>>> print(open('upload_6.txt').read())   # compact mmCIF, C-alpha atoms
# COMPACT_ATOMS: atom_id res chain seq x y z
CA MET A 250 -11.18 8.03 56.33
CA ALA A 251 -11.77 8.78 60.01
CA HIS A 252 -9.51 5.86 60.92
CA THR A 253 -6.72 7.26 58.73
CA ILE A 254 -7.02 10.72 60.27
CA ALA A 255 -6.97 9.27 63.80
CA LYS A 256 -3.93 7.17 62.92
CA LYS A 257 -2.06 10.25 61.65
CA GLN A 258 -3.00 12.20 64.77
CA ASN A 259 -1.77 9.39 67.03
CA ALA A 260 1.46 9.12 65.03
CA GLY A 261 2.03 12.86 65.28
CA SER A 262 1.48 12.77 69.06
CA GLU A 263 4.23 10.19 69.68
CA LYS A 264 6.71 11.75 72.08
CA ILE A 265 10.27 12.51 71.10
CA TRP A 266 11.32 13.91 74.46
CA SER A 267 12.05 11.44 77.25
CA ARG A 268 14.52 11.15 80.15
CA ASP A 269 16.90 8.99 78.12
CA PHE A 270 16.66 11.22 75.05
CA VAL A 271 17.61 14.25 77.16
CA LEU A 272 20.57 12.30 78.62
CA ILE A 273 21.89 11.33 75.18
CA LEU A 274 21.51 14.95 74.05
CA MET A 275 23.47 16.21 77.06
CA SER A 276 26.15 13.55 76.66
CA ASN A 277 26.44 14.35 72.96
CA PHE A 278 26.74 18.06 73.78
CA PHE A 279 29.68 17.58 76.16
CA ILE A 280 31.65 15.19 73.96
CA PHE A 281 31.14 17.47 70.95
CA LEU A 282 32.13 20.52 72.99
CA GLY A 283 35.39 18.82 73.96
CA PHE A 284 35.96 17.78 70.36
CA GLN A 285 35.05 21.15 68.81
CA MET A 286 37.46 22.95 71.14
CA THR A 287 40.30 20.88 69.65
CA LEU A 288 39.16 21.34 66.04
CA PRO A 289 40.73 24.78 65.34
CA THR A 290 43.47 24.42 67.97
CA ILE A 291 45.07 21.14 66.80
CA PRO A 292 46.43 22.88 63.63
CA LEU A 293 47.90 25.62 65.86
CA PHE A 294 49.42 22.96 68.11
CA VAL A 295 50.95 21.22 65.08
CA GLU A 296 52.44 24.57 64.00
CA LYS A 297 53.91 25.00 67.48
CA LEU A 298 55.52 21.57 67.21
CA GLY A 299 57.11 22.61 63.89
CA GLY A 300 54.62 21.20 61.38
CA ASN A 301 53.71 22.72 58.00
CA ASP A 302 50.46 22.70 55.96
CA GLN A 303 51.05 19.15 54.73
CA LEU A 304 51.62 17.81 58.25
CA ILE A 305 48.56 19.68 59.53
CA GLY A 306 46.48 17.92 56.88
CA ILE A 307 47.95 14.53 57.82
CA VAL A 308 47.44 14.99 61.57
CA VAL A 309 43.86 16.15 61.05
CA GLY A 310 43.11 13.49 58.44
CA ILE A 311 44.55 10.47 60.24
CA PHE A 312 42.05 11.00 63.05
CA THR A 313 39.12 10.55 60.69
CA PHE A 314 40.70 7.55 58.95
CA SER A 315 41.23 5.72 62.24
CA ALA A 316 37.60 6.45 63.15
CA LEU A 317 36.62 5.14 59.72
CA LEU A 318 38.39 1.82 60.28
CA LEU A 319 36.58 1.26 63.58
CA ARG A 320 33.04 2.14 62.49
CA PRO A 321 32.12 -1.18 60.80
CA TYR A 322 33.28 -3.07 63.89
CA ALA A 323 31.38 -0.60 66.07
CA GLY A 324 28.26 -1.17 63.96
CA HIS A 325 28.43 -4.93 64.49
CA THR A 326 29.24 -4.59 68.17
CA LEU A 327 26.23 -2.32 68.71
CA GLU A 328 24.00 -5.21 67.60
CA THR A 329 25.87 -7.95 69.49
CA LYS A 330 27.28 -6.50 72.73
CA GLY A 331 24.86 -3.61 72.93
CA ARG A 332 24.79 0.18 72.81
CA ARG A 333 26.11 0.72 76.33
CA PHE A 334 29.37 -1.18 75.82
CA VAL A 335 30.24 0.59 72.57
CA TYR A 336 29.31 4.10 73.72
CA LEU A 337 31.03 4.01 77.10
CA THR A 338 34.15 2.38 75.64
CA GLY A 339 34.38 5.03 72.95
CA LEU A 340 33.96 7.89 75.41
CA ALA A 341 36.62 6.46 77.74
CA ILE A 342 39.15 6.15 74.88
CA PHE A 343 38.38 9.70 73.76
CA VAL A 344 38.93 11.09 77.28
CA LEU A 345 42.27 9.33 77.76
CA SER A 346 43.64 10.26 74.34
CA VAL A 347 42.66 13.95 74.38
CA GLY A 348 43.87 14.34 77.95
CA SER A 349 47.28 13.07 76.79
CA PHE A 350 47.69 15.56 73.94
CA GLY A 351 49.26 18.27 76.07
CA PHE A 352 51.95 15.92 77.37
CA VAL A 353 53.52 15.21 73.97
CA ASN A 354 56.33 17.26 72.50
CA SER A 355 56.76 15.64 69.09
CA LEU A 356 54.58 15.22 66.03
CA ILE A 357 55.10 11.44 66.04
CA PHE A 358 53.47 10.98 69.45
CA LEU A 359 50.69 13.39 68.54
CA PHE A 360 50.11 11.39 65.37
CA VAL A 361 49.76 8.16 67.40
CA LEU A 362 47.38 9.78 69.90
CA ARG A 363 45.23 11.14 67.08
CA ILE A 364 44.85 7.57 65.81
CA VAL A 365 43.76 6.45 69.29
CA GLN A 366 41.37 9.43 69.54
CA GLY A 367 39.86 8.39 66.21
CA PHE A 368 39.13 4.93 67.63
CA GLY A 369 37.22 6.49 70.53
CA TRP A 370 35.42 8.93 68.24
CA GLY A 371 34.43 6.17 65.83
CA PHE A 372 32.93 4.10 68.64
CA SER A 373 31.17 6.93 70.46
CA THR A 374 29.61 8.76 67.50
CA THR A 375 28.41 5.58 65.81
CA ALA A 376 26.80 4.52 69.08
CA SER A 377 25.26 7.88 69.95
CA GLY A 378 23.47 8.20 66.61
CA THR A 379 22.12 4.67 66.96
CA ILE A 380 21.01 5.27 70.55
CA ALA A 381 19.16 8.41 69.47
CA THR A 382 17.54 6.48 66.61
CA ASP A 383 16.32 3.85 69.11
CA LEU A 384 14.70 6.53 71.27
CA ILE A 385 12.93 8.52 68.51
CA PRO A 386 9.52 7.43 67.11
CA ALA A 387 10.02 6.18 63.54
CA ASN A 388 7.53 8.62 61.98
CA ARG A 389 9.30 11.61 63.62
CA ARG A 390 12.87 10.46 62.98
CA GLY A 391 13.83 13.41 60.78
CA GLU A 392 12.63 15.88 63.40
CA GLY A 393 14.17 13.91 66.27
CA MET A 394 17.54 13.54 64.56
CA GLY A 395 17.42 17.28 63.93
CA TYR A 396 17.12 17.86 67.68
CA PHE A 397 19.85 15.31 68.34
CA GLY A 398 22.13 17.06 65.85
CA LEU A 399 21.27 20.35 67.51
CA SER A 400 23.01 19.19 70.69
CA GLY A 401 26.24 18.88 68.73
CA ASN A 402 25.57 22.16 66.94
CA ILE A 403 25.19 24.08 70.21
CA ALA A 404 28.59 22.72 71.17
CA LEU A 405 29.85 23.88 67.80
CA ALA A 406 28.53 27.37 68.53
CA PHE A 407 30.83 27.68 71.54
CA GLY A 408 33.55 25.05 71.10
CA PRO A 409 35.83 26.50 68.39
CA THR A 410 35.48 30.04 69.75
CA LEU A 411 36.15 28.89 73.31
CA GLY A 412 39.08 26.74 72.19
CA LEU A 413 40.71 29.58 70.25
CA ALA A 414 40.13 32.02 73.12
CA LEU A 415 41.64 29.65 75.69
CA ALA A 416 44.59 28.84 73.42
CA GLY A 417 45.52 32.52 73.60
CA ILE A 418 45.61 32.69 77.41
CA ILE A 419 46.44 29.20 78.74
CA SER A 420 48.83 26.42 77.76
CA PHE A 421 47.86 23.72 75.29
CA LYS A 422 48.29 21.17 78.10
CA LEU A 423 45.61 22.80 80.23
CA LEU A 424 43.36 23.31 77.19
CA PHE A 425 43.43 19.62 76.30
CA LEU A 426 42.84 18.61 79.92
CA ILE A 427 39.70 20.77 79.94
CA CYS A 428 38.56 19.04 76.75
CA ALA A 429 39.13 15.65 78.42
CA LEU A 430 37.06 16.72 81.44
CA LEU A 431 34.17 17.59 79.13
CA GLY A 432 34.44 14.09 77.68
CA LEU A 433 34.37 12.72 81.22
CA ALA A 434 31.12 14.60 81.87
CA ALA A 435 29.67 12.89 78.79
CA LEU A 436 30.82 9.53 80.15
CA VAL A 437 29.10 10.11 83.51
CA LEU A 438 25.83 11.22 81.88
CA SER A 439 25.81 8.33 79.43
CA SER A 440 26.18 5.81 82.24
CA ARG A 441 22.66 6.80 83.41
CA ILE A 442 20.93 6.00 80.11
CA ARG A 443 18.62 2.96 79.91
CA TYR A 444 19.89 1.34 76.75
CA LYS A 445 18.09 -0.88 74.26
CA GLN A 446 19.18 -4.49 74.63
CA ALA A 447 21.16 -6.06 71.81
CA GLU A 448 18.95 -8.19 69.57
CA ARG A 449 19.82 -11.77 68.69
CA GLN A 450 21.00 -12.06 65.11
CA SER A 451 18.72 -14.28 63.01
CA VAL A 452 21.56 -14.97 60.57
CA PRO A 453 25.29 -15.27 61.29
CA LEU A 454 27.39 -12.19 60.65
CA LYS A 455 29.55 -12.26 57.53
CA ARG A 456 33.26 -11.71 58.04
CA TRP A 457 33.44 -8.90 55.48
CA ASP A 458 30.11 -7.29 56.34
CA ILE A 459 31.46 -3.75 56.71
CA TYR A 460 28.58 -1.59 55.45
CA GLU A 461 24.79 -1.40 55.19
CA LYS A 462 23.74 -1.43 51.53
CA SER A 463 20.55 0.59 52.08
CA ALA A 464 22.61 3.50 53.49
CA LEU A 465 25.05 3.79 50.59
CA ARG A 466 23.26 6.37 48.45
CA PRO A 467 22.85 9.08 51.13
CA SER A 468 26.31 8.23 52.47
CA PHE A 469 27.96 8.83 49.08
CA LEU A 470 26.17 12.17 48.86
CA LEU A 471 27.42 13.05 52.34
CA PHE A 472 31.01 12.18 51.40
CA PHE A 473 31.22 14.87 48.72
CA ILE A 474 29.63 17.39 51.09
CA THR A 475 31.92 16.70 54.07
CA VAL A 476 35.02 17.06 51.91
CA THR A 477 34.30 20.79 52.29
CA PHE A 478 34.36 20.46 56.07
CA GLY A 479 37.92 19.13 56.00
CA GLY A 480 39.10 22.27 54.23
CA ILE A 481 37.32 24.64 56.61
CA ALA A 482 38.21 22.94 59.89
CA SER A 483 41.88 22.49 59.02
CA PHE A 484 42.86 25.63 57.15
CA LEU A 485 40.37 28.48 57.50
CA PRO A 486 41.97 29.91 60.70
CA ILE A 487 45.39 29.96 58.98
CA TYR A 488 43.94 31.20 55.65
CA SER A 489 42.11 34.13 57.24
CA ALA A 490 45.19 35.09 59.28
CA GLN A 491 47.34 35.03 56.13
CA LYS A 492 44.92 37.46 54.44
CA GLY A 493 44.91 39.72 57.50
CA ILE A 494 41.23 39.06 58.18
CA GLY A 495 40.29 38.96 61.86
CA GLY A 496 37.26 37.55 63.64
CA ILE A 497 37.66 33.86 62.79
CA HIS A 498 35.93 33.03 66.09
CA TRP A 499 32.84 34.87 64.79
CA TYR A 500 32.86 32.64 61.72
CA PHE A 501 32.46 29.52 63.86
CA LEU A 502 29.83 31.17 66.03
CA LEU A 503 27.72 32.37 63.09
CA PHE A 504 28.12 29.01 61.36
CA ALA A 505 26.84 27.21 64.44
CA ILE A 506 23.91 29.61 64.95
CA ALA A 507 22.84 29.13 61.32
CA LEU A 508 23.29 25.39 61.77
CA MET A 509 20.98 25.44 64.80
CA ILE A 510 18.36 27.50 62.97
CA SER A 511 18.28 25.09 60.06
CA ARG A 512 17.99 22.11 62.43
CA THR A 513 14.73 23.52 63.83
CA PHE A 514 12.90 23.15 60.49
CA ALA A 515 14.93 20.95 58.13
CA GLY A 516 14.23 17.68 59.96
CA ARG A 517 10.50 18.37 60.10
CA LEU A 518 10.53 19.32 56.41
CA TYR A 519 12.23 16.00 55.65
CA ASP A 520 9.54 14.08 57.59
CA GLN A 521 6.78 15.88 55.68
CA ARG A 522 8.19 16.10 52.16
CA GLY A 523 11.26 13.87 52.01
CA HIS A 524 14.84 14.55 51.00
CA LYS A 525 13.81 16.22 47.72
CA ALA A 526 12.69 19.29 49.68
CA VAL A 527 15.92 19.49 51.69
CA PHE A 528 19.00 18.24 49.86
CA LEU A 529 19.25 20.42 46.75
CA PRO A 530 18.50 23.76 48.49
CA GLY A 531 21.01 22.90 51.23
CA ALA A 532 23.69 21.84 48.75
CA VAL A 533 23.29 25.07 46.74
CA LEU A 534 23.82 27.12 49.92
CA ILE A 535 27.01 25.16 50.67
CA LEU A 536 28.21 25.73 47.10
CA ALA A 537 27.69 29.49 47.44
CA ALA A 538 29.62 29.48 50.73
CA MET A 539 32.61 27.76 49.07
CA PHE A 540 32.77 30.38 46.32
CA LEU A 541 32.69 33.18 48.92
CA LEU A 542 35.51 31.57 50.92
CA ALA A 543 37.61 31.18 47.78
CA TRP A 544 37.14 34.93 47.19
CA LEU A 545 37.31 36.10 50.84
CA PRO A 546 38.07 39.84 50.51
CA ASN A 547 37.03 40.80 54.05
CA SER A 548 35.44 39.67 57.32
CA MET A 549 31.87 40.42 56.19
CA ILE A 550 32.11 37.98 53.28
CA MET A 551 33.53 35.38 55.66
CA TYR A 552 30.54 35.85 57.99
CA ILE A 553 28.04 35.57 55.11
CA ALA A 554 29.79 32.35 54.04
CA ALA A 555 29.48 31.05 57.61
CA ILE A 556 25.72 31.66 57.62
CA LEU A 557 25.19 30.08 54.20
CA TYR A 558 27.34 27.07 55.09
CA GLY A 559 25.57 26.60 58.42
CA LEU A 560 22.10 26.74 56.86
CA GLY A 561 23.13 24.35 54.11
CA PHE A 562 25.04 21.81 56.18
CA GLY A 563 22.45 21.90 58.96
CA SER A 564 19.76 21.01 56.44
CA VAL A 565 21.61 18.34 54.49
CA GLN A 566 23.33 16.31 57.22
CA PRO A 567 20.33 15.29 59.40
CA ALA A 568 18.19 14.61 56.32
CA LEU A 569 20.83 12.29 54.89
CA GLN A 570 21.27 10.55 58.24
CA ALA A 571 17.51 9.98 58.58
CA TRP A 572 17.47 8.69 55.00
CA SER A 573 20.33 6.30 55.83
CA VAL A 574 18.47 4.55 58.67
CA LYS A 575 15.00 4.79 57.13
CA GLU A 576 15.37 1.83 54.79
CA ALA A 577 17.63 -0.26 57.03
CA PRO A 578 16.18 -3.26 58.93
CA ALA A 579 15.71 -2.67 62.66
CA ASN A 580 18.67 -4.91 63.53
CA ARG A 581 20.90 -3.06 61.01
CA ARG A 582 20.45 0.50 62.26
CA GLY A 583 23.81 0.38 64.00
CA MET A 584 25.51 -0.66 60.76
CA ALA A 585 23.54 1.98 58.82
CA ASN A 586 24.81 4.67 61.18
CA ALA A 587 28.31 3.19 60.94
CA THR A 588 28.15 3.38 57.14
CA PHE A 589 26.86 6.95 57.25
CA PHE A 590 29.57 8.21 59.61
CA SER A 591 32.26 6.23 57.80
CA PHE A 592 31.57 8.28 54.70
CA PHE A 593 31.44 11.42 56.87
CA ASP A 594 34.90 10.58 58.24
CA LEU A 595 36.22 9.66 54.81
CA GLY A 596 35.12 13.00 53.38
CA VAL A 597 36.68 15.04 56.19
CA GLY A 598 39.87 12.97 56.18
CA ILE A 599 40.42 13.04 52.43
CA GLY A 600 39.51 16.73 52.39
CA ALA A 601 42.07 17.58 55.06
CA MET A 602 44.89 15.55 53.48
CA VAL A 603 44.27 16.52 49.85
CA PHE A 604 43.70 20.17 50.73
CA GLY A 605 46.97 20.21 52.66
CA GLN A 606 48.72 19.36 49.40
CA ILE A 607 46.61 21.84 47.42
CA ALA A 608 47.38 24.62 49.91
CA HIS A 609 51.10 23.82 49.71
CA LEU A 610 51.11 23.91 45.91
CA PHE A 611 48.49 26.47 44.92
CA GLY A 612 47.51 28.48 47.99
CA TYR A 613 44.59 28.43 50.40
CA SER A 614 41.94 29.92 48.11
CA SER A 615 42.32 26.90 45.80
CA ILE A 616 41.05 24.70 48.64
CA TYR A 617 37.61 26.24 48.47
CA MET A 618 37.37 26.14 44.68
CA ALA A 619 38.13 22.42 44.88
CA SER A 620 35.49 22.16 47.63
CA ALA A 621 32.94 23.82 45.34
CA GLY A 622 33.72 21.18 42.72
CA SER A 623 33.05 18.44 45.27
CA VAL A 624 29.63 19.93 46.08
CA VAL A 625 28.78 20.03 42.38
CA ILE A 626 29.61 16.31 42.15
CA SER A 627 27.24 15.63 45.07
CA ILE A 628 24.44 17.58 43.36
CA LEU A 629 24.94 15.72 40.07
CA LEU A 630 25.04 12.37 41.90
CA TYR A 631 21.78 13.20 43.66
CA ILE A 632 20.09 14.06 40.36
CA TRP A 633 21.35 10.76 38.93
CA ILE A 634 19.90 8.88 41.94
CA LEU A 635 16.51 10.51 41.37
CA ILE A 636 16.55 9.70 37.65
CA THR A 637 17.57 6.05 38.11
CA LYS A 638 15.08 5.54 40.94
CA ARG A 639 12.27 6.97 38.81
CA GLY A 640 13.29 4.81 35.88
>>> encode(input="upload_6.txt", output="structure tokens")
Amino acid sequence: MAHTIAKKQNAGSEKIWSRDFVLILMSNFFIFLGFQMTLPTIPLFVEKLGGNDQLIGIVVGIFTFSALLLRPYAGHTLETKGRRFVYLTGLAIFVLSVGSFGFVNSLIFLFVLRIVQGFGWGFSTTASGTIATDLIPANRRGEGMGYFGLSGNIALAFGPTLGLALAGIISFKLLFLICALLGLAALVLSSRIRYKQAERQSVPLKRWDIYEKSALRPSFLLFFITVTFGGIASFLPIYSAQKGIGGIHWYFLLFAIALMISRTFAGRLYDQRGHKAVFLPGAVLILAAMFLLAWLPNSMIMYIAAILYGLGFGSVQPALQAWSVKEAPANRRGMANATFFSFFDLGVGIGAMVFGQIAHLFGYSSIYMASAGSVVISILLYIWILITKRG
């Protein structure tokens, strides 16, 4: 009994915070800040170039699909060539592609650059999550991944608001160059990290090994949740403007603050009680936010939706990511993260493209009713997973 208590105390005292963990947090913050500044401004840039709702959905969606294609390769490369190679390569591609956005004057070139940006994003985000996983003690992974996600959430608190504010006073060219410089800061910081060495594979890699089986269940759940994100990121600024509702920058700020608040306790709750204590409450909050956005009579309702969505998404996403890597073998964590983020990308990409068509045919409010339906599917799928696992 005394031995068990001492073991738990020692496990609880394992340190999350280290020099390298702080560096990966800072690097993640800067790359996400650069990315989040482009999130609400790319649709405006597409409009400036003459694009409609359908083209906005395609330009937003193709980015996530190109990232999706690269993630399995990134997962393998993390285990063969190492974390450093994949992360620095991804950051460099991101910097060059985003810095080039402002120099294009046609949708075709922007489309091509978004594909290239997706390659860099697929490499860098798959690597960063794996690097963080390497650095966090296994028994505190939910809490540690919550802190890691918080670095991106802080960027989210300022990125969209800053991007929209700058888009109103400076040119798109200068805006995208600033975003590229933030990515460059991430590249410099990440070069100082002491990375885990790639492990030798005990068995040869299969040619069509493109996912980690143990990560599929939480990744499928994530897919139906992140479909909602595609509708918000791509169309909420335009939707709110069409309804004459101001303060869209406050939506993103409140969403990010709620996201950060949920990160401070959701990961720890996952470590203590598992995903059963986190997923369903978080999904219900997201569902309520979708119904409010479909209604959207005024700014106050939009702000309440932002808070509910932030609390829900901030609880669900790190719990599902920790679940994804929990059951994966040590030499398959890179592939587990690749699988997880592939489904993340697929949800956002499909959401953006499908919702572009829905907005064109039925109006913007229909986007969020369809999003609510996607959340319901995720909840039902989770209940089915619990039932089949128990049986």
>>> atom_distance(input="upload_6.txt", atom1="atom CA of Leu304 of chain A", atom2="atom CA of Gln606 of chain A")
9.4 Å
>>> closest_residue(input="upload_6.txt", among="A:Ala404, A:Ile342, A:Leu508, A:Leu545", to="Ser564 of chain A", atoms="all atoms listed in the file")
A:Leu508
>>> atom_distance(input="upload_6.txt", atom1="atom CA of Ile553 of chain A", atom2="atom CA of Phe279 of chain A")
27.7 Å
>>> residues_around(input="upload_6.txt", residues="segment 626-636 of chain A", least_positions_apart="2", cutoff="9 Å", atoms="only C-alpha atoms", output="PyMOL selection string")
chain A and resi 466-467+469-474+525+528-529+532-533+621-624+638-640
>>> closest_residue(input="upload_6.txt", among="A:Val295, A:Arg268, A:Ile273, A:Phe504", to="Gly408 of chain A", atoms="only C-alpha atoms")
A:Phe504
>>> closest_residue(input="upload_6.txt", among="A:Gly596, A:Pro486, A:Pro546, A:Gly523", to="Ile291 of chain A", atoms="all atoms listed in the file")
A:Pro486
>>> atom_distance(input="upload_6.txt", atom1="atom CA of Asp520 of chain A", atom2="atom CA of Gly391 of chain A")
5.4 Å
>>> closest_atom_pairs(input="upload_6.txt", of="segment 277-328 of chain A", to="segment 369-378 of chain A", cutoff="12 Å", atoms="all atoms listed in the file", output="JSON lines")
{"residue": "A:Asn277", "atom": "CA", "partner": "A:Ser377", "partner_atom": "CA", "distance": 7.2}
{"residue": "A:Phe278", "atom": "CA", "partner": "A:Ser377", "partner_atom": "CA", "distance": 11.0}
{"residue": "A:Ile280", "atom": "CA", "partner": "A:Ser373", "partner_atom": "CA", "distance": 9.0}
{"residue": "A:Phe281", "atom": "CA", "partner": "A:Thr374", "partner_atom": "CA", "distance": 9.5}
{"residue": "A:Gly283", "atom": "CA", "partner": "A:Trp370", "partner_atom": "CA", "distance": 11.4}
{"residue": "A:Phe284", "atom": "CA", "partner": "A:Trp370", "partner_atom": "CA", "distance": 9.1}
{"residue": "A:Phe312", "atom": "CA", "partner": "A:Trp370", "partner_atom": "CA", "distance": 8.7}
{"residue": "A:Thr313", "atom": "CA", "partner": "A:Gly371", "partner_atom": "CA", "distance": 8.2}
{"residue": "A:Phe314", "atom": "CA", "partner": "A:Gly371", "partner_atom": "CA", "distance": 9.4}
{"residue": "A:Ser315", "atom": "CA", "partner": "A:Gly371", "partner_atom": "CA", "distance": 7.7}
{"residue": "A:Ala316", "atom": "CA", "partner": "A:Gly371", "partner_atom": "CA", "distance": 4.2}
{"residue": "A:Leu317", "atom": "CA", "partner": "A:Gly371", "partner_atom": "CA", "distance": 6.6}
{"residue": "A:Leu318", "atom": "CA", "partner": "A:Gly371", "partner_atom": "CA", "distance": 8.1}
{"residue": "A:Leu319", "atom": "CA", "partner": "A:Gly371", "partner_atom": "CA", "distance": 5.8}
{"residue": "A:Arg320", "atom": "CA", "partner": "A:Gly371", "partner_atom": "CA", "distance": 5.4}
{"residue": "A:Pro321", "atom": "CA", "partner": "A:Thr375", "partner_atom": "CA", "distance": 9.2}
{"residue": "A:Tyr322", "atom": "CA", "partner": "A:Phe372", "partner_atom": "CA", "distance": 8.6}
{"residue": "A:Ala323", "atom": "CA", "partner": "A:Phe372", "partner_atom": "CA", "distance": 5.6}
{"residue": "A:Gly324", "atom": "CA", "partner": "A:Thr375", "partner_atom": "CA", "distance": 7.0}
{"residue": "A:His325", "atom": "CA", "partner": "A:Thr375", "partner_atom": "CA", "distance": 10.6}
{"residue": "A:Thr326", "atom": "CA", "partner": "A:Phe372", "partner_atom": "CA", "distance": 9.5}
{"residue": "A:Leu327", "atom": "CA", "partner": "A:Ala376", "partner_atom": "CA", "distance": 6.9}
{"residue": "A:Glu328", "atom": "CA", "partner": "A:Ala376", "partner_atom": "CA", "distance": 10.2}
>>> closest_residue(input="upload_6.txt", among="A:Leu610, A:Leu534, A:Leu433, A:Leu502", to="Tyr552 of chain A", atoms="only C-alpha atoms")
A:Leu502
>>> residues_around(input="upload_6.txt", residues="Leu340 of chain A", least_positions_apart="2", cutoff="7 Å", atoms="all atoms listed in the file", output="PyMOL selection string")
chain A and resi 336-338+342-344+369+373+432+436
>>> residues_around(input="upload_6.txt", residues="segment 566-579 of chain A", least_positions_apart="4", cutoff="6 Å", atoms="only C-alpha atoms", output="list of chain:residue names")
A:Gly391, A:Gly395, A:Ser463, A:Ala464, A:Pro467, A:Phe562, A:Ala585
>>> closest_residue(input="upload_6.txt", among="A:Ala434, A:Val308, A:Val361, A:Leu518", to="Arg390 of chain A", atoms="only C-alpha atoms")
A:Leu518
>>> residues_around(input="upload_6.txt", residues="Leu423 of chain A", least_positions_apart="5", cutoff="10 Å", atoms="all atoms listed in the file", output="number ranges by chain")
A: 348, 350-352, 415-416, 428-429
>>> residues_around(input="upload_6.txt", residues="Lys297 of chain A", least_positions_apart="3", cutoff="10 Å", atoms="all atoms listed in the file", output="list of chain:residue names")
A:Ile291, A:Pro292, A:Leu293, A:Phe294, A:Gly300, A:Asn301, A:Asn354, A:Ser355, A:Leu356, A:Phe421
>>> closest_residue(input="upload_6.txt", among="A:Ala435, A:Ile556, A:Ala608, A:Val347", to="Tyr488 of chain A", atoms="all atoms listed in the file")
A:Ala608
>>> residues_near_point(input="upload_6.txt", point="(47.7, 19.6, 51.3)", cutoff="12 Å", atoms="all atoms listed in the file", output="count of residues only")
33
>>> build_atoms(input="upload_6.txt", residues="segment 552-563 of chain A", atoms="N, CA, C and O atoms", output="short mmCIF file (atom, residue, chain, number, x, y, z; two decimals), in the frame of the given file")
data_model
loop_
_atom_site.label_atom_id
_atom_site.label_comp_id
_atom_site.auth_asym_id
_atom_site.auth_seq_id
_atom_site.Cartn_x
_atom_site.Cartn_y
_atom_site.Cartn_z
N TYR A 552 31.71 36.08 57.14
CA TYR A 552 30.54 35.85 57.99
C TYR A 552 29.33 35.41 57.17
O TYR A 552 28.56 34.55 57.61
N ILE A 553 29.15 35.99 55.98
CA ILE A 553 28.04 35.57 55.11
C ILE A 553 28.23 34.11 54.70
O ILE A 553 27.29 33.31 54.69
N ALA A 554 29.49 33.74 54.39
CA ALA A 554 29.79 32.35 54.04
C ALA A 554 29.48 31.42 55.20
O ALA A 554 28.96 30.31 55.00
N ALA A 555 29.77 31.86 56.42
CA ALA A 555 29.48 31.05 57.61
C ALA A 555 27.99 30.77 57.73
O ALA A 555 27.57 29.64 58.02
N ILE A 556 27.18 31.81 57.51
CA ILE A 556 25.72 31.66 57.62
C ILE A 556 25.19 30.73 56.53
O ILE A 556 24.39 29.83 56.81
N LEU A 557 25.64 30.92 55.30
CA LEU A 557 25.19 30.08 54.20
C LEU A 557 25.60 28.62 54.43
O LEU A 557 24.81 27.69 54.22
N TYR A 558 26.84 28.43 54.86
CA TYR A 558 27.34 27.07 55.09
C TYR A 558 26.58 26.40 56.24
O TYR A 558 26.24 25.21 56.15
N GLY A 559 26.31 27.16 57.29
CA GLY A 559 25.57 26.60 58.42
C GLY A 559 24.15 26.20 58.04
O GLY A 559 23.68 25.12 58.42
N LEU A 560 23.46 27.06 57.30
CA LEU A 560 22.10 26.74 56.86
C LEU A 560 22.09 25.52 55.95
O LEU A 560 21.22 24.65 56.06
N GLY A 561 23.07 25.46 55.04
CA GLY A 561 23.13 24.35 54.11
C GLY A 561 23.49 23.04 54.77
O GLY A 561 22.80 22.03 54.60
N PHE A 562 24.57 23.05 55.54
CA PHE A 562 25.04 21.81 56.18
C PHE A 562 24.04 21.33 57.22
O PHE A 562 23.81 20.12 57.36
N GLY A 563 23.43 22.26 57.95
CA GLY A 563 22.45 21.90 58.96
C GLY A 563 21.18 21.31 58.38
O GLY A 563 20.44 20.61 59.08
#
